[in-house]
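Have a look at final39.cif; it's mmCIF, C-alpha atoms and all ligand atoms:
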data_run
loop_
_atom_site.label_atom_id
_atom_site.label_comp_id
_atom_site.auth_asym_id
_atom_site.auth_seq_id
_atom_site.Cartn_x
_atom_site.Cartn_y
_atom_site.Cartn_z
CA MET A 13 22.93 -6.87 -19.31
CA THR A 14 26.13 -8.47 -18.11
CA GLU A 15 26.71 -10.05 -14.76
CA LYS A 16 28.82 -8.15 -12.27
CA ARG A 17 32.03 -9.91 -11.32
CA SER A 18 34.24 -7.44 -9.53
CA VAL A 19 33.86 -4.25 -7.49
CA ALA A 20 34.81 -2.15 -10.52
CA ASP A 21 31.72 -3.47 -12.36
CA PHE A 22 29.35 -1.74 -9.92
CA ALA A 23 27.98 1.64 -11.01
CA VAL A 24 28.91 3.21 -7.65
CA ALA A 25 32.54 2.31 -8.42
CA GLY A 26 32.42 3.68 -11.95
CA GLY A 27 31.04 0.64 -13.83
CA SER A 28 28.01 0.67 -16.12
CA PRO A 29 24.60 0.45 -14.48
CA GLN A 30 22.97 -2.98 -14.68
CA PHE A 31 19.96 -1.43 -16.41
CA SER A 32 20.05 1.35 -18.99
CA LYS A 33 16.51 2.41 -18.00
CA ILE A 34 15.10 2.89 -14.53
CA ILE A 35 13.25 -0.12 -13.12
CA PRO A 36 10.51 1.46 -11.00
CA VAL A 37 9.56 -0.05 -7.68
CA GLY A 38 6.04 -1.15 -8.46
CA GLN A 39 3.24 -2.09 -10.84
CA LEU A 40 2.33 0.38 -13.66
CA TYR A 41 -0.03 -2.09 -15.29
CA PHE A 42 -1.59 -0.30 -18.26
CA PRO A 43 -4.48 -1.53 -20.40
CA SER A 44 -3.72 -1.98 -24.09
CA TRP A 45 -3.79 1.25 -26.10
CA ASP A 46 -6.72 0.00 -28.22
CA ARG A 47 -8.90 -0.64 -25.20
CA TYR A 48 -7.88 2.65 -23.63
CA GLU A 49 -8.65 4.56 -26.83
CA ALA A 50 -12.05 2.90 -27.20
CA ALA A 51 -12.92 3.68 -23.56
CA MET A 52 -11.92 7.34 -23.91
CA ARG A 53 -13.80 7.65 -27.23
CA ASP A 54 -16.87 6.34 -25.47
CA ILE A 55 -16.54 9.01 -22.76
CA PHE A 56 -16.07 11.71 -25.41
CA ASN A 57 -19.11 10.52 -27.35
CA ARG A 58 -21.23 10.62 -24.23
CA ARG A 59 -19.81 14.02 -23.18
CA TYR A 60 -19.85 12.80 -19.59
CA TYR A 61 -16.60 13.47 -17.78
CA THR A 62 -17.46 13.14 -14.10
CA ASN A 63 -20.21 13.48 -11.43
CA HIS A 64 -21.23 9.88 -10.83
CA GLY A 65 -21.52 8.85 -14.47
CA PRO A 66 -22.42 5.48 -15.97
CA LEU A 67 -18.86 4.10 -15.74
CA LEU A 68 -18.63 5.03 -12.07
CA GLU A 69 -21.93 3.25 -11.44
CA ARG A 70 -20.74 0.19 -13.34
CA LEU A 71 -17.45 0.17 -11.44
CA GLU A 72 -19.11 0.39 -8.03
CA ALA A 73 -21.49 -2.47 -8.88
CA ARG A 74 -18.58 -4.62 -10.05
CA LEU A 75 -16.52 -3.81 -6.98
CA GLU A 76 -19.44 -4.70 -4.69
CA ALA A 77 -19.68 -8.10 -6.37
CA PHE A 78 -15.90 -8.55 -6.34
CA PHE A 79 -15.50 -7.73 -2.65
CA GLY A 80 -18.79 -9.32 -1.59
CA VAL A 81 -19.91 -6.15 0.22
CA ARG A 82 -23.08 -4.10 0.26
CA HIS A 83 -21.31 -0.84 -0.58
CA ALA A 84 -18.21 -0.01 -2.60
CA ILE A 85 -17.82 3.76 -2.79
CA ALA A 86 -15.27 4.84 -5.37
CA VAL A 87 -13.15 7.85 -4.44
CA THR A 88 -10.30 9.96 -5.81
CA ASN A 89 -7.67 8.11 -3.79
CA ALA A 90 -7.35 5.99 -0.66
CA THR A 91 -6.18 8.91 1.48
CA ILE A 92 -9.41 10.84 0.97
CA GLY A 93 -11.33 7.63 1.66
CA LEU A 94 -9.62 7.31 5.06
CA ILE A 95 -10.21 10.99 5.84
CA MET A 96 -13.90 10.61 4.97
CA ILE A 97 -14.41 7.58 7.22
CA ALA A 98 -12.62 9.20 10.18
CA LYS A 99 -14.69 12.37 9.73
CA ALA A 100 -17.93 10.47 9.21
CA LEU A 101 -17.44 8.57 12.46
CA PHE A 102 -16.11 11.22 14.84
CA ARG A 103 -15.91 14.99 15.30
CA SER A 104 -12.89 14.69 17.58
CA GLY A 105 -10.90 12.18 19.62
CA LYS A 106 -8.10 9.67 19.27
CA ILE A 107 -7.61 6.79 16.87
CA LEU A 108 -5.14 3.96 17.45
CA VAL A 109 -2.95 3.32 14.40
CA PRO A 110 0.37 1.53 13.79
CA GLY A 111 3.48 3.66 13.38
CA PHE A 112 4.60 1.17 10.74
CA THR A 113 2.58 2.37 7.76
CA PHE A 114 2.57 4.86 4.93
CA VAL A 115 2.50 8.39 6.33
CA GLY A 116 -0.87 9.03 4.62
CA THR A 117 -2.64 6.62 6.99
CA ALA A 118 -1.91 8.80 10.02
CA GLN A 119 -2.15 12.06 8.09
CA ALA A 120 -5.72 11.12 7.15
CA ILE A 121 -6.58 10.95 10.87
CA SER A 122 -4.97 14.35 11.47
CA PHE A 123 -6.63 15.87 8.40
CA ALA A 124 -9.98 14.75 9.76
CA GLY A 125 -9.26 16.72 12.96
CA LEU A 126 -8.56 13.64 15.10
CA ASP A 127 -5.41 12.56 16.93
CA PRO A 128 -3.39 9.45 16.07
CA VAL A 129 -2.14 7.29 18.93
CA PHE A 130 0.71 5.14 17.63
CA CYS A 131 1.19 1.48 18.43
CA ASP A 132 3.87 -1.03 17.47
CA VAL A 133 3.57 -4.08 15.21
CA ASP A 134 4.65 -7.69 15.29
CA ALA A 135 8.24 -8.29 14.16
CA SER A 136 7.47 -11.25 11.91
CA THR A 137 4.09 -10.30 10.36
CA HIS A 138 4.60 -6.48 10.37
CA HIS A 139 0.94 -6.16 11.43
CA VAL A 140 -0.77 -5.02 14.61
CA THR A 141 -1.76 -7.71 17.11
CA PRO A 142 -4.08 -7.59 20.14
CA GLU A 143 -0.92 -7.39 22.30
CA SER A 144 0.59 -4.46 20.39
CA LEU A 145 -2.77 -2.65 20.42
CA ASP A 146 -3.22 -3.32 24.12
CA ARG A 147 0.22 -1.97 25.02
CA ALA A 148 -0.67 1.40 23.46
CA PHE A 149 -4.32 1.46 24.50
CA GLU A 150 -5.74 4.60 26.11
CA PRO A 151 -9.19 4.69 27.72
CA ASP A 152 -10.49 7.55 25.57
CA LEU A 153 -9.68 5.96 22.19
CA ARG A 154 -12.57 6.12 19.71
CA ALA A 155 -11.50 3.53 17.12
CA ILE A 156 -8.71 1.38 15.73
CA LEU A 157 -7.37 1.93 12.24
CA GLY A 158 -5.61 -1.32 11.31
CA VAL A 159 -3.31 -1.54 8.30
CA ASN A 160 -3.03 -4.56 6.00
CA LEU A 161 0.40 -4.65 4.43
CA TRP A 162 2.20 -6.21 1.48
CA GLY A 163 -0.85 -8.04 0.09
CA GLY A 164 -1.28 -9.69 3.49
CA ALA A 165 -3.54 -8.90 6.43
CA VAL A 166 -3.86 -8.69 10.18
CA ASP A 167 -5.38 -11.65 12.01
CA PHE A 168 -8.91 -10.29 11.55
CA GLY A 169 -10.56 -12.54 14.14
CA SER A 170 -8.30 -11.59 17.02
CA ILE A 171 -8.33 -7.87 16.15
CA GLN A 172 -12.13 -7.86 15.94
CA HIS A 173 -12.32 -9.66 19.28
CA PHE A 174 -9.96 -7.11 20.85
CA ALA A 175 -11.93 -4.14 19.45
CA GLU A 176 -15.20 -5.60 20.71
CA SER A 177 -13.72 -6.20 24.16
CA LYS A 178 -12.91 -2.49 24.26
CA GLY A 179 -16.26 -1.45 22.77
CA ILE A 180 -14.80 0.47 19.83
CA PRO A 181 -14.97 -0.03 16.05
CA VAL A 182 -12.08 -1.10 13.85
CA PHE A 183 -11.63 -0.09 10.24
CA TYR A 184 -8.81 -0.90 7.86
CA ASP A 185 -6.37 0.73 5.51
CA SER A 186 -6.24 -2.05 2.90
CA ALA A 187 -4.45 0.06 0.29
CA HIS A 188 -2.19 -2.92 -0.48
CA GLY A 189 -4.81 -5.63 -0.34
CA ILE A 190 -7.00 -5.82 -3.42
CA GLY A 191 -7.57 -9.42 -4.48
CA SER A 192 -5.91 -11.02 -1.44
CA SER A 193 -8.08 -13.46 0.48
CA ILE A 194 -8.27 -15.64 3.55
CA GLY A 195 -10.30 -18.86 3.56
CA GLY A 196 -11.82 -17.87 0.20
CA ARG A 197 -13.02 -14.49 1.56
CA ARG A 198 -11.47 -11.49 -0.10
CA LEU A 199 -10.32 -8.48 1.88
CA GLY A 200 -13.05 -5.82 1.70
CA SER A 201 -15.68 -6.98 4.17
CA PHE A 202 -13.67 -7.03 7.40
CA GLY A 203 -14.25 -4.58 10.23
CA LEU A 204 -16.56 -1.61 9.89
CA ALA A 205 -14.98 -0.55 6.60
CA GLU A 206 -11.90 -1.08 4.44
CA VAL A 207 -10.20 1.37 2.10
CA PHE A 208 -8.33 0.30 -1.04
CA SER A 209 -5.96 2.28 -3.24
CA PHE A 210 -6.01 2.20 -7.04
CA HIS A 211 -2.86 4.30 -7.35
CA ALA A 212 -0.63 3.50 -10.34
CA THR A 213 1.71 1.57 -8.03
CA LYS A 214 -1.08 -0.83 -7.05
CA VAL A 215 -2.09 -4.08 -8.71
CA LEU A 216 -5.45 -2.55 -9.67
CA GLY A 217 -4.66 0.91 -11.00
CA SER A 218 -6.79 3.80 -12.21
CA THR A 219 -3.94 6.39 -12.29
CA GLU A 220 -5.23 7.77 -8.98
CA GLY A 221 -8.22 6.26 -7.25
CA GLY A 222 -9.54 4.07 -4.52
CA CYS A 223 -12.67 2.79 -2.88
CA ILE A 224 -14.27 2.40 0.50
CA CYS A 225 -15.99 -0.91 1.23
CA THR A 226 -18.55 -1.32 3.99
CA ASN A 227 -21.58 -3.42 4.90
CA ASP A 228 -22.90 -0.63 7.13
CA ASP A 229 -25.80 1.13 5.37
CA ASP A 230 -25.69 4.20 7.61
CA LEU A 231 -21.96 4.73 7.20
CA ALA A 232 -22.35 4.27 3.43
CA ALA A 233 -25.10 6.90 3.31
CA LEU A 234 -22.90 9.33 5.24
CA LEU A 235 -19.94 8.69 2.94
CA ARG A 236 -21.98 9.07 -0.26
CA ASN A 237 -23.26 12.41 1.02
CA MET A 238 -19.81 13.55 2.10
CA ARG A 239 -18.10 12.56 -1.15
CA CYS A 240 -19.11 15.82 -2.85
CA GLY A 241 -20.88 19.08 -2.09
CA TYR A 242 -24.28 17.96 -3.36
CA GLY A 243 -24.34 14.40 -2.03
CA MET A 244 -25.69 11.18 -3.51
CA GLY A 245 -28.16 8.48 -2.56
CA ARG A 246 -30.23 8.59 0.63
CA ILE A 247 -29.96 12.10 2.05
CA VAL A 248 -28.47 12.23 5.54
CA GLU A 249 -26.98 14.99 7.64
CA VAL A 250 -23.20 15.07 7.39
CA PRO A 251 -20.50 16.82 9.43
CA VAL A 252 -18.81 18.26 6.33
CA THR A 253 -18.47 17.57 2.62
CA THR A 254 -15.41 17.30 0.40
CA ASN A 255 -14.66 16.43 -3.20
CA GLY A 256 -13.66 12.80 -3.38
CA ARG A 257 -15.39 12.02 -6.68
CA MET A 258 -13.84 9.61 -9.13
CA SER A 259 -13.96 10.80 -12.76
CA GLU A 260 -15.28 8.74 -15.66
CA ALA A 261 -11.76 8.43 -17.09
CA GLN A 262 -10.51 6.99 -13.79
CA ALA A 263 -13.51 4.65 -13.61
CA ALA A 264 -12.88 3.46 -17.19
CA ILE A 265 -9.27 2.61 -16.37
CA ALA A 266 -10.28 0.95 -13.10
CA LEU A 267 -12.80 -1.23 -15.00
CA MET A 268 -10.16 -2.33 -17.49
CA SER A 269 -7.74 -2.98 -14.67
CA LEU A 270 -10.37 -5.06 -12.89
CA ASP A 271 -10.80 -7.12 -16.09
CA ASP A 272 -7.04 -7.75 -16.04
CA LEU A 273 -6.64 -8.19 -12.29
CA ASP A 274 -6.28 -12.00 -12.26
CA GLU A 275 -3.59 -11.73 -14.91
CA HIS A 276 -1.74 -8.98 -12.99
CA ILE A 277 -1.85 -10.97 -9.77
CA ALA A 278 -0.68 -14.17 -11.50
CA ARG A 279 2.19 -12.24 -13.02
CA ASN A 280 3.17 -10.77 -9.66
CA GLN A 281 3.05 -14.22 -8.09
CA ALA A 282 5.37 -15.58 -10.77
CA LEU A 283 7.73 -12.63 -10.22
CA ALA A 284 7.69 -13.18 -6.46
CA ALA A 285 8.57 -16.86 -6.97
CA ARG A 286 11.44 -15.79 -9.23
CA TYR A 287 12.74 -13.44 -6.51
CA ALA A 288 12.51 -16.26 -3.96
CA ALA A 289 14.75 -18.38 -6.19
CA ALA A 290 17.11 -15.52 -7.11
CA LEU A 291 17.66 -14.45 -3.50
CA SER A 292 17.45 -17.82 -1.75
CA GLU A 293 21.16 -18.19 -1.26
CA VAL A 294 22.08 -14.61 -0.49
CA PRO A 295 23.26 -14.47 3.12
CA GLY A 296 21.49 -11.81 5.16
CA ILE A 297 18.57 -11.26 2.75
CA GLU A 298 15.22 -12.63 3.84
CA LEU A 299 12.12 -12.39 1.69
CA CYS A 300 9.09 -11.32 3.75
CA GLU A 301 6.06 -13.43 2.89
CA PRO A 302 2.66 -11.68 3.14
CA SER A 303 1.09 -12.90 6.38
CA GLY A 304 -2.52 -13.54 7.41
CA VAL A 305 -3.83 -14.53 3.96
CA ASP A 306 -3.78 -17.74 1.97
CA PHE A 307 -3.92 -15.96 -1.38
CA SER A 308 -1.89 -12.80 -1.88
CA ASN A 309 -1.86 -10.27 -4.73
CA ARG A 310 1.93 -10.01 -4.19
CA GLN A 311 1.66 -6.29 -4.73
CA TYR A 312 4.86 -5.64 -2.82
CA LEU A 313 8.13 -7.52 -2.71
CA VAL A 314 9.74 -6.78 0.62
CA CYS A 315 13.02 -8.13 2.01
CA ALA A 316 14.77 -7.76 5.33
CA VAL A 317 18.47 -6.93 5.15
CA ASP A 318 20.58 -8.19 8.03
CA GLU A 319 23.57 -5.86 7.89
CA ASP A 320 25.96 -8.09 9.81
CA THR A 321 25.35 -11.13 7.62
CA PHE A 322 24.84 -9.37 4.28
CA GLY A 323 27.77 -7.02 4.77
CA LEU A 324 26.02 -3.78 3.79
CA SER A 325 23.31 -1.85 5.58
CA ARG A 326 19.86 -1.64 4.00
CA ASP A 327 20.48 2.06 3.22
CA ARG A 328 23.75 1.30 1.47
CA LEU A 329 22.16 -1.49 -0.51
CA ALA A 330 19.38 0.92 -1.60
CA ARG A 331 22.02 3.42 -2.74
CA LEU A 332 23.96 0.75 -4.60
CA LEU A 333 20.81 -0.48 -6.37
CA LYS A 334 19.77 3.05 -7.34
CA ALA A 335 23.10 3.54 -9.11
CA GLU A 336 22.27 0.38 -11.08
CA ASN A 337 18.90 1.99 -12.03
CA ILE A 338 17.04 -0.40 -9.73
CA TYR A 339 14.64 1.74 -7.73
CA ALA A 340 14.14 0.08 -4.38
CA ARG A 341 12.37 1.78 -1.49
CA ARG A 342 13.05 1.91 2.22
CA TYR A 343 9.47 1.21 3.31
CA PHE A 344 8.31 2.83 5.66
CA PHE A 345 11.40 4.82 6.62
CA PRO A 346 11.63 6.60 9.07
CA GLY A 347 8.32 5.39 10.58
CA VAL A 348 5.30 7.65 10.83
CA HIS A 349 5.97 8.43 14.52
CA ARG A 350 9.34 9.89 13.43
CA SER A 351 8.00 11.96 10.56
CA VAL A 352 6.71 15.55 10.43
CA PRO A 353 4.76 16.67 12.43
CA TYR A 354 4.49 13.68 14.74
CA ALA A 355 8.10 13.46 15.95
CA THR A 356 7.74 16.86 17.61
CA GLN A 357 3.99 16.80 18.24
CA TYR A 358 4.02 13.42 20.00
CA PRO A 359 7.62 12.78 21.16
CA GLN A 360 6.36 10.17 23.63
CA TYR A 361 6.34 7.59 20.81
CA LEU A 362 9.98 8.04 19.82
CA ASP A 363 11.27 5.38 22.18
CA ARG A 364 8.15 3.19 22.34
CA LEU A 365 7.90 1.62 18.89
CA THR A 366 11.01 -0.53 18.95
CA THR A 367 9.82 -3.11 16.42
CA THR A 368 8.67 -0.39 14.04
CA ASP A 369 12.09 1.25 14.32
CA ALA A 370 13.85 -2.07 13.65
CA LEU A 371 11.69 -2.77 10.59
CA CYS A 372 12.16 0.77 9.26
CA SER A 373 15.91 0.29 9.36
CA LYS A 374 16.08 -3.11 7.64
CA LEU A 375 13.25 -3.52 5.12
CA ILE A 376 13.67 -2.84 1.45
CA GLN A 377 11.03 -3.02 -1.26
CA LEU A 378 12.26 -4.36 -4.60
CA PRO A 379 10.69 -3.75 -8.05
CA ILE A 380 7.71 -5.87 -9.04
CA GLY A 381 4.85 -5.40 -11.49
CA ALA A 382 4.36 -4.60 -15.15
CA LEU A 383 7.78 -3.18 -15.96
CA VAL A 384 9.83 -6.02 -14.49
CA THR A 385 10.59 -9.29 -16.30
CA GLU A 386 11.77 -12.58 -14.85
CA GLU A 387 15.15 -11.96 -16.49
CA ASP A 388 15.31 -8.56 -14.77
CA ILE A 389 14.75 -10.30 -11.47
CA ASP A 390 17.58 -12.74 -12.15
CA ALA A 391 19.79 -9.72 -12.87
CA ILE A 392 18.63 -7.89 -9.70
CA GLY A 393 19.31 -11.06 -7.70
CA GLY A 394 22.75 -11.25 -9.31
CA VAL A 395 23.59 -7.65 -8.36
CA ILE A 396 22.55 -8.28 -4.76
CA ARG A 397 24.42 -11.60 -4.60
CA VAL A 398 27.68 -10.18 -5.94
CA ALA A 399 27.29 -7.06 -3.76
CA SER A 400 27.18 -9.29 -0.72
CA ARG A 401 30.35 -11.07 -1.83
CA HIS A 402 32.20 -7.74 -2.24
CA ALA A 403 30.43 -5.90 0.56
CA HIS A 404 33.57 -4.95 2.42
CA ALA A 405 35.25 -3.40 -0.63
CA LEU A 406 32.05 -1.64 -1.71
CA GLN A 407 31.63 0.15 1.61
CA ARG A 408 33.91 3.03 0.65
CA TYR A 409 31.80 3.89 -2.41
CA LEU A 410 28.67 4.06 -0.33
CA THR A 411 29.48 6.43 2.50
C1 LIG A 501 -0.59 1.69 3.49
C2 LIG A 501 -1.03 2.79 2.57
N1 LIG A 501 -2.11 3.52 2.87
C3 LIG A 501 -2.56 4.51 2.10
C4 LIG A 501 -1.91 4.83 0.92
C5 LIG A 501 -2.41 5.99 0.12
O1 LIG A 501 -3.06 5.61 -1.06
P1 LIG A 501 -3.44 6.72 -2.13
O2 LIG A 501 -2.20 7.10 -2.85
O3 LIG A 501 -4.45 6.05 -3.02
O4 LIG A 501 -4.04 7.88 -1.40
C6 LIG A 501 -0.77 4.12 0.55
C7 LIG A 501 -0.06 4.43 -0.70
O5 LIG A 501 0.80 3.75 -1.16
C8 LIG A 501 -0.31 3.08 1.39
O6 LIG A 501 0.83 2.38 1.09
#

Show how you would write the structure in this file as structure tokens.
Amino acid sequence: MTEKRSVADFAVAGGSPQFSKIIPVGQLYFPSWDRYEAAMRDIFNRRYYTNHGPLLERLEARLEAFFGVRHAIAVTNATIGLIMIAKALFRSGKILVPGFTFVGTAQAISFAGLDPVFCDVDASTHHVTPESLDRAFEPDLRAILGVNLWGGAVDFGSIQHFAESKGIPVFYDSAHGIGSSIGGRRLGSFGLAEVFSFHATKVLGSTEGGCICTNDDDLAALLRNMRCGYGMGRIVEVPVTTNGRMSEAQAAIALMSLDDLDEHIARNQALAARYAAALSEVPGIELCEPSGVDFSNRQYLVCAVDEDTFGLSRDRLARLLKAENIYARRYFFPGVHRSVPYATQYPQYLDRLTTTDALCSKLIQLPIGALVTEEDIDAIGGVIRVASRHAHALQRYLT
């Protein structure tokens, strides 16, 4: 790994890539092979693959204690968890959701047969605020689906107050938020429910997976009965059932990941601090700190690229980094309101979400997690620093 000095050193201009192997954008924390093998042997010995087995039960009990909630309902992934909540609550109607989120947040609302109404977010926190919710508010809205981003969170108190003033519930997509906390209280028990993702790109990973947290006994009973065709727990009438079960193999990996969570978070925090140092003097690059929490899992490392000061647009920087085998992402380009099918289905939002549009054009997510070392981060910082210095000359390789 040698430092770039001139334009010719950049891979887009014919130089060697900074990394010989791809540096993926996030996480991929694996348990040790020995622990994995022992866990799988255990499952094989028991001949119990899925259907609410002993590992699933153990995981849910541990998650309830971890989050400090009455119910943690493990599911196949966060998207199905969001679909299940929306469907459990309403047969039809509109749900207010930010346009600045992963497309799955809004798609879950649509999949449940409901209609998303898109609102904007705050430019500095990237989260919804009472003002941004109010600007998009419609009288027939049934609920608010808030999104907690980057290991940070909305200002829960003010959002709860707003929802109560309108007489509707609020629930949260907390796919990014496991382990983050505010005033010593972990995400998981805010609003009517919160949904977490255990996807491989998350700081707690079970390959695929997720869980729904709620303190509402009736909602929990509905969700446990909806999670598969034959239900679970107290029997209640449900609008529809699905298959959102988590397998024993997923539960085993989630349990190991939960054992390692403090270590993963500490590692991410160290990596984030290294990025802060590596990028501190790059003009036009601003590290986005997770807002609304006082302890963050640092699951995502997001920067804002100011094209005029940095010299290259965010998109060009992403292309330049990819050639160096640094896989950065343009989160959440192009914005959910501009994606299929919403851009044509609801064109009224195309000129309303100005902050979302601005964020979608300038934010970049840089690699963090298991496969990134502190030395890698120094090298990534070096590439970005030298790219800024030669931005003008690099333009022609990035058209
Ligand atoms: C904000 C947000 N919500 C939901 C999801 C979907 O999670 P899953 O892949 O577990 O369905 C993601 C995935 O990254 C996400 O970023």

Subject >> Which residue of A:Gln262, A:Gln407, A:Ser186, A:Ser44 approaches ligand LIG 501 (chain A) most closely, using only C-alpha atoms and all ligand atoms >> reply: A:Ser186

Give one line per residue of chain A that approaches ligand LIG 501 (chain A) to at most 6 Å, naming the two atoms of the closest pair and their distance in Å to one decimal, counting only C-alpha atoms and all ligand atoms; sort by chain then ascending residue number and deliver it as JSON lines.
{"residue": "A:Asn89", "atom": "CA", "partner": "A:LIG501", "partner_atom": "O3", "distance": 3.9}
{"residue": "A:Ala90", "atom": "CA", "partner": "A:LIG501", "partner_atom": "O3", "distance": 3.7}
{"residue": "A:Thr91", "atom": "CA", "partner": "A:LIG501", "partner_atom": "O4", "distance": 3.7}
{"residue": "A:Thr113", "atom": "CA", "partner": "A:LIG501", "partner_atom": "C1", "distance": 5.4}
{"residue": "A:Phe114", "atom": "CA", "partner": "A:LIG501", "partner_atom": "C1", "distance": 4.7}
{"residue": "A:Gly116", "atom": "CA", "partner": "A:LIG501", "partner_atom": "C3", "distance": 5.4}
{"residue": "A:Thr117", "atom": "CA", "partner": "A:LIG501", "partner_atom": "N1", "distance": 5.2}
{"residue": "A:Asp185", "atom": "CA", "partner": "A:LIG501", "partner_atom": "N1", "distance": 5.7}
{"residue": "A:Ala187", "atom": "CA", "partner": "A:LIG501", "partner_atom": "N1", "distance": 4.9}
{"residue": "A:Ser209", "atom": "CA", "partner": "A:LIG501", "partner_atom": "O3", "distance": 4.1}
{"residue": "A:Phe210", "atom": "CA", "partner": "A:LIG501", "partner_atom": "O3", "distance": 5.8}
{"residue": "A:His211", "atom": "CA", "partner": "A:LIG501", "partner_atom": "O3", "distance": 4.9}
{"residue": "A:Gly221", "atom": "CA", "partner": "A:LIG501", "partner_atom": "O3", "distance": 5.7}
{"residue": "A:Gly222", "atom": "CA", "partner": "A:LIG501", "partner_atom": "O3", "distance": 5.7}

**OP:** For Leu71 (chain A), list every protein, DNA or RNA residue within 9 Å, evaluated using all atoms listed in the file, and leave out those in the same chain fewer than 6 positions away; present the list as a VMD selection string.
**Re:** chain A and resid 84 86 263 to 264 266 to 267 270

**OP:** For Gly105 (chain A), please output as a ChimeraX atom specification all residues within 10 Å (counting only C-alpha atoms; exclusion window: fewer than 5 positions along the same chain).
**Re:** /A:121,125-128,152-155

Original post:
Quick one: residues within 12 Å of Leu204 (chain A), only C-alpha atoms counted, chain neighbours fewer than 6 positions away excluded, as a list in words?
Top reply: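 Near neighbours after the sequence-gap exclusion: Val81, Arg82, His83, Ile97, Ala98, Leu101, Ala155, Ile156, Leu157, Gly158, Phe168, Gln172, Ala175, Glu176, Ile180, Pro181, Val182, Phe183, Tyr184, Asp185, Ile224, Cys225, Thr226, Asn227, Asp228, Asp229, Asp230, Leu231 and Ala232 of chain A.
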
Could those selected residues go to a file with C-alpha atoms, as a JSON list (two decimals), in the frame of the given file?
[["chain", "number", "residue", "atom", "x", "y", "z"],
["A", 81, "VAL", "CA", -19.91, -6.15, 0.22],
["A", 82, "ARG", "CA", -23.08, -4.10, 0.26],
["A", 83, "HIS", "CA", -21.31, -0.84, -0.58],
["A", 97, "ILE", "CA", -14.41, 7.58, 7.22],
["A", 98, "ALA", "CA", -12.62, 9.20, 10.18],
["A", 101, "LEU", "CA", -17.44, 8.57, 12.46],
["A", 155, "ALA", "CA", -11.50, 3.53, 17.12],
["A", 156, "ILE", "CA", -8.71, 1.38, 15.73],
["A", 157, "LEU", "CA", -7.37, 1.93, 12.24],
["A", 158, "GLY", "CA", -5.61, -1.32, 11.31],
["A", 168, "PHE", "CA", -8.91, -10.29, 11.55],
["A", 172, "GLN", "CA", -12.13, -7.86, 15.94],
["A", 175, "ALA", "CA", -11.93, -4.14, 19.45],
["A", 176, "GLU", "CA", -15.20, -5.60, 20.71],
["A", 180, "ILE", "CA", -14.80, 0.47, 19.83],
["A", 181, "PRO", "CA", -14.97, -0.03, 16.05],
["A", 182, "VAL", "CA", -12.08, -1.10, 13.85],
["A", 183, "PHE", "CA", -11.63, -0.09, 10.24],
["A", 184, "TYR", "CA", -8.81, -0.90, 7.86],
["A", 185, "ASP", "CA", -6.37, 0.73, 5.51],
["A", 224, "ILE", "CA", -14.27, 2.40, 0.50],
["A", 225, "CYS", "CA", -15.99, -0.91, 1.23],
["A", 226, "THR", "CA", -18.55, -1.32, 3.99],
["A", 227, "ASN", "CA", -21.58, -3.42, 4.90],
["A", 228, "ASP", "CA", -22.90, -0.63, 7.13],
["A", 229, "ASP", "CA", -25.80, 1.13, 5.37],
["A", 230, "ASP", "CA", -25.69, 4.20, 7.61],
["A", 231, "LEU", "CA", -21.96, 4.73, 7.20],
["A", 232, "ALA", "CA", -22.35, 4.27, 3.43]]

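The closest residue to Ser269 (chain A), picked from A:Tyr48, A:Gln360, A:Arg59, A:Val115 and counting only C-alpha atoms, is A:Tyr48.
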
Subject >> Neighbour residues at most 9 Å from (22.7, -7.6, 3.2) (only C-alpha atoms) as an NGL selection string >> reply: :A and (294-297 or 316-326 or 329 or 396-397 or 399-400 or 403)

Export region 257-282 of chain A from the structure block above, keeping C-alpha atoms, as a compact mmCIF listing (two decimals), in the first residue's frame.
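Heads up, here's the output in out.txt:
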# COMPACT_ATOMS: atom_id res chain seq x y z
CA ARG A 257 -39.68 -16.79 11.31
CA MET A 258 -36.03 -16.68 12.27
CA SER A 259 -34.25 -20.04 11.91
CA GLU A 260 -32.15 -21.66 14.63
CA ALA A 261 -28.98 -21.06 12.60
CA GLN A 262 -29.77 -17.34 12.39
CA ALA A 263 -30.59 -17.26 16.11
CA ALA A 264 -27.30 -19.01 16.94
CA ILE A 265 -25.32 -16.43 14.98
CA ALA A 266 -27.32 -13.57 16.49
CA LEU A 267 -26.54 -14.90 20.00
CA MET A 268 -22.83 -15.05 19.26
CA SER A 269 -22.97 -11.60 17.74
CA LEU A 270 -24.75 -10.31 20.84
CA ASP A 271 -21.94 -11.78 22.98
CA ASP A 272 -19.46 -9.82 20.84
CA LEU A 273 -21.51 -6.64 20.45
CA ASP A 274 -19.57 -4.48 22.94
CA GLU A 275 -16.34 -5.44 21.20
CA HIS A 276 -17.79 -4.68 17.73
CA ILE A 277 -19.07 -1.30 18.87
CA ALA A 278 -15.77 -0.41 20.56
CA ARG A 279 -13.95 -1.33 17.37
CA ASN A 280 -16.28 0.81 15.26
CA GLN A 281 -15.81 3.72 17.65
CA ALA A 282 -12.03 3.43 17.33
